[in-house]
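A short write-up of the structure that comes next.
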Amino acid sequence: MTEYNIKIENVVASTKLADDFDLIKIEAEFEGAEYNKQKFPGLVYRVNDPKAAFLVFTSGKVVCTGAKNVNDVHTVIENLAKKLNDIGIKTIEDPEITVQNIVASADLHAVLNLNAIAIGLGLENIEYEPEQFPGLVYRITEPKVVVLIFSSGKLVVTGGKSPKDCNEGVEVVRKQLDSMGLL
């Protein structure tokens, strides 16, 4: 699989860290936190090590985005909980973290004929409108992911809940293109 340079670009996860949050207090205490209720109902907070961003809501829910792997998601959420506790905001111990979406990129190292691929894959699982978007959108049912296929041979896999889903999505595309003689 490594020959396709599969790389996780973004992990989006959610959790509940408390029953409610005082976003005005958090904004005042966390350097760089941004909260503007008129623009967006949540507080935006970015961290650098590991790099990620949080959307924090009054409901106590938190969305983490921008992490490059699932371990980093757990690390930054633990760090956020500790930081909230440090300013007197009690958080739920051992919160359940749910990965909502993983976006990965890959490279098949081949120039692809998207018209031939569109015909070969059949029209029920694909969208291909080159005037609208330069890639072919391929919806795979198992694993349940969407793969954007570009004529450069580059792929973007989205909708995966685990790195394994992304790897399997690339493998499904590779096998199908190979069996049609388009790789």
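Lettering and numbering for the structure tokens are positional, with chains as A, B, ... in the shown order, residues counted from 1 in each chain, and ligands counted from 1 in the shown order.
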Next item on the list: Find the residues around A:Leu121 up to 9 Å (only C-alpha atoms counted), leave out those fewer than 2 positions away in its own chain, and share them as a PyMOL selection string.
Entry: chain A and resi 116-119+123-126+138+176-177+180
Dump all heavy atoms for the selected residues as a compact mmCIF listing (two decimals), in the first residue's frame?
```txt
# COMPACT_ATOMS: atom_id res chain seq x y z
N ALA A 116 -13.14 7.18 -19.65
CA ALA A 116 -13.18 5.71 -19.71
C ALA A 116 -13.52 5.13 -18.34
O ALA A 116 -14.29 4.17 -18.24
CB ALA A 116 -11.83 5.18 -20.19
N ILE A 117 -12.99 5.75 -17.28
CA ILE A 117 -13.27 5.27 -15.91
C ILE A 117 -14.76 5.46 -15.60
O ILE A 117 -15.41 4.57 -15.05
CB ILE A 117 -12.38 6.00 -14.88
CG1 ILE A 117 -10.92 5.56 -15.07
CG2 ILE A 117 -12.84 5.70 -13.44
CD1 ILE A 117 -9.92 6.39 -14.28
N ALA A 118 -15.30 6.61 -15.98
CA ALA A 118 -16.73 6.90 -15.73
C ALA A 118 -17.61 5.84 -16.39
O ALA A 118 -18.54 5.33 -15.78
CB ALA A 118 -17.09 8.29 -16.22
N ILE A 119 -17.27 5.49 -17.61
CA ILE A 119 -18.05 4.48 -18.34
C ILE A 119 -17.84 3.11 -17.69
O ILE A 119 -18.79 2.37 -17.44
CB ILE A 119 -17.66 4.46 -19.84
CG1 ILE A 119 -18.11 5.78 -20.49
CG2 ILE A 119 -18.28 3.25 -20.55
CD1 ILE A 119 -17.41 6.10 -21.79
N LEU A 123 -22.66 4.34 -14.10
CA LEU A 123 -23.09 5.68 -13.70
C LEU A 123 -23.78 5.74 -12.34
O LEU A 123 -23.98 6.82 -11.81
CB LEU A 123 -23.98 6.27 -14.79
CG LEU A 123 -23.28 6.43 -16.15
CD1 LEU A 123 -24.27 6.83 -17.22
CD2 LEU A 123 -22.15 7.44 -16.05
N GLU A 124 -24.14 4.59 -11.75
CA GLU A 124 -24.93 4.67 -10.51
C GLU A 124 -24.12 5.13 -9.29
O GLU A 124 -24.66 5.73 -8.39
CB GLU A 124 -25.68 3.37 -10.21
CG GLU A 124 -24.84 2.10 -10.16
CD GLU A 124 -24.49 1.52 -11.54
OE1 GLU A 124 -25.12 1.91 -12.56
OE2 GLU A 124 -23.60 0.68 -11.59
N ASN A 125 -22.79 4.87 -9.28
CA ASN A 125 -21.99 5.25 -8.11
C ASN A 125 -21.05 6.42 -8.36
O ASN A 125 -20.24 6.75 -7.51
CB ASN A 125 -21.13 4.06 -7.65
CG ASN A 125 -21.98 2.89 -7.23
OD1 ASN A 125 -23.01 3.07 -6.59
ND2 ASN A 125 -21.56 1.69 -7.61
N ILE A 126 -21.14 7.01 -9.56
CA ILE A 126 -20.19 8.07 -9.85
C ILE A 126 -20.87 9.35 -10.29
O ILE A 126 -22.02 9.36 -10.75
CB ILE A 126 -19.17 7.64 -10.94
CG1 ILE A 126 -19.87 7.43 -12.29
CG2 ILE A 126 -18.39 6.41 -10.56
CD1 ILE A 126 -19.21 8.21 -13.36
N TYR A 138 -16.48 9.16 -6.89
CA TYR A 138 -16.86 7.75 -6.86
C TYR A 138 -17.29 7.38 -5.45
O TYR A 138 -16.49 7.45 -4.52
CB TYR A 138 -15.66 6.91 -7.33
CG TYR A 138 -15.90 5.41 -7.38
CD1 TYR A 138 -17.16 4.86 -7.62
CD2 TYR A 138 -14.84 4.54 -7.18
CE1 TYR A 138 -17.35 3.49 -7.67
CE2 TYR A 138 -15.02 3.15 -7.24
CZ TYR A 138 -16.28 2.65 -7.48
OH TYR A 138 -16.47 1.28 -7.53
N GLN A 176 -10.26 -2.03 -9.26
CA GLN A 176 -11.24 -1.85 -10.33
C GLN A 176 -10.61 -1.26 -11.58
O GLN A 176 -10.88 -1.72 -12.68
CB GLN A 176 -12.41 -1.00 -9.83
CG GLN A 176 -13.28 -1.78 -8.85
CD GLN A 176 -14.48 -1.00 -8.39
OE1 GLN A 176 -14.40 0.19 -8.14
NE2 GLN A 176 -15.60 -1.68 -8.26
N LEU A 177 -9.74 -0.27 -11.41
CA LEU A 177 -9.09 0.34 -12.57
C LEU A 177 -8.17 -0.67 -13.25
O LEU A 177 -8.09 -0.74 -14.47
CB LEU A 177 -8.32 1.60 -12.16
CG LEU A 177 -9.14 2.75 -11.58
CD1 LEU A 177 -8.28 3.97 -11.35
CD2 LEU A 177 -10.33 3.10 -12.47
N MET A 180 -10.07 -3.17 -15.30
CA MET A 180 -10.59 -2.59 -16.54
C MET A 180 -9.46 -2.22 -17.50
O MET A 180 -9.71 -1.68 -18.57
CB MET A 180 -11.44 -1.34 -16.23
CG MET A 180 -12.72 -1.62 -15.47
SD MET A 180 -13.77 -0.16 -15.26
CE MET A 180 -12.85 0.88 -14.18
```
Contacts of A:Ile24 within 8 Å, only C-alpha atoms, excl. fewer than 3 positions in-chain, as a PDB file with N, CA, C and O atoms, in the first residue's frame:
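The resulting file, out_7.pdb, is reproduced below:
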```pdb
ATOM      1  N   GLU A  27     -13.018  32.107  26.261  1.00  0.00           N
ATOM      2  CA  GLU A  27     -12.378  33.065  25.346  1.00  0.00           C
ATOM      3  C   GLU A  27     -11.453  34.008  26.114  1.00  0.00           C
ATOM      4  O   GLU A  27     -10.348  34.307  25.663  1.00  0.00           O
ATOM      5  N   ALA A  28     -11.894  34.441  27.299  1.00  0.00           N
ATOM      6  CA  ALA A  28     -11.078  35.357  28.107  1.00  0.00           C
ATOM      7  C   ALA A  28      -9.800  34.683  28.616  1.00  0.00           C
ATOM      8  O   ALA A  28      -8.755  35.322  28.725  1.00  0.00           O
ATOM      9  N   TYR A  35     -14.526  33.970  19.846  1.00  0.00           N
ATOM     10  CA  TYR A  35     -15.946  33.685  20.017  1.00  0.00           C
ATOM     11  C   TYR A  35     -16.741  34.910  19.608  1.00  0.00           C
ATOM     12  O   TYR A  35     -16.600  35.971  20.207  1.00  0.00           O
TER      13      TYR A  35
END
```
Env of stretch 1-18 of chain A: 9 Å cut, atoms = only C-alpha atoms, seq-sep filter 2 positions within chain, self excluded. Answer as a PyMOL selection string. chain A and resi 20-21+59-70+73+77+81+89-109+161+163+166-167+170-171
| Which of stretch 55-158 of chain A fall in strand (DSSP E or B), as a ChimeraX atom specification | /A:55-56,61-67,98-107,126-127,136-140,145-149,154-158
Can you build me a table of stretch 77-168 of chain A residues sitting at most 12 Å from stretch 43-56 of chain A, with the closest atom pair per residue and its distance in Å to one decimal, using only C-alpha atoms, sorted by chain and residue number, as a tab-separated table?
```
residue	atom	partner	partner_atom	distance
A:Ile77	CA	A:Phe54	CA	8.8
A:Glu78	CA	A:Pro50	CA	11.7
A:Asn79	CA	A:Val47	CA	9.7
A:Leu80	CA	A:Phe54	CA	9.0
A:Ala81	CA	A:Val56	CA	11.4
A:Lys83	CA	A:Val47	CA	11.6
A:Leu84	CA	A:Val56	CA	11.3
```
Item to complete: Please return as a PyMOL selection string: the residues of stretch 5-34 of chain A that backbone DSSP assigns to helix (DSSP H, G or I).
Response: chain A and resi 23-29
Would you mind exporting the chosen residues as a tab-separated table (two decimals), in the first residue's frame, restricted to N, CA and C atoms?
```tsv
chain	number	residue	atom	x	y	z
A	23	LEU	N	-18.58	30.00	27.19
A	23	LEU	CA	-17.65	30.32	26.11
A	23	LEU	C	-16.98	31.67	26.31
A	24	ILE	N	-17.66	32.59	26.97
A	24	ILE	CA	-17.08	33.92	27.22
A	24	ILE	C	-15.90	33.79	28.18
A	25	LYS	N	-16.05	32.95	29.21
A	25	LYS	CA	-14.94	32.71	30.15
A	25	LYS	C	-13.77	32.03	29.43
A	26	ILE	N	-14.07	31.02	28.61
A	26	ILE	CA	-13.00	30.31	27.90
A	26	ILE	C	-12.26	31.27	26.97
A	27	GLU	N	-13.02	32.11	26.26
A	27	GLU	CA	-12.38	33.06	25.35
A	27	GLU	C	-11.45	34.01	26.11
A	28	ALA	N	-11.89	34.44	27.30
A	28	ALA	CA	-11.08	35.36	28.11
A	28	ALA	C	-9.80	34.68	28.62
A	29	GLU	N	-9.86	33.38	28.91
A	29	GLU	CA	-8.74	32.67	29.51
A	29	GLU	C	-7.78	32.04	28.50
```
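In terms of minimum interatomic distance to A:Val146, A:Gly169 ranks closest within A:Gly181, A:Pro134, A:Gly88, A:Gly169, counting only C-alpha atoms.
Here atom CA of A:Ser179 is placed at a distance of 23.7 Å from atom CA of A:Glu129.
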Neighbours of A:Phe133 within 12 Å (only C-alpha atoms; same-chain residues fewer than 2 positions away dropped), as an MDAnalysis selection string?
-> chainID A and resid 114 127:131 135:137 148:151
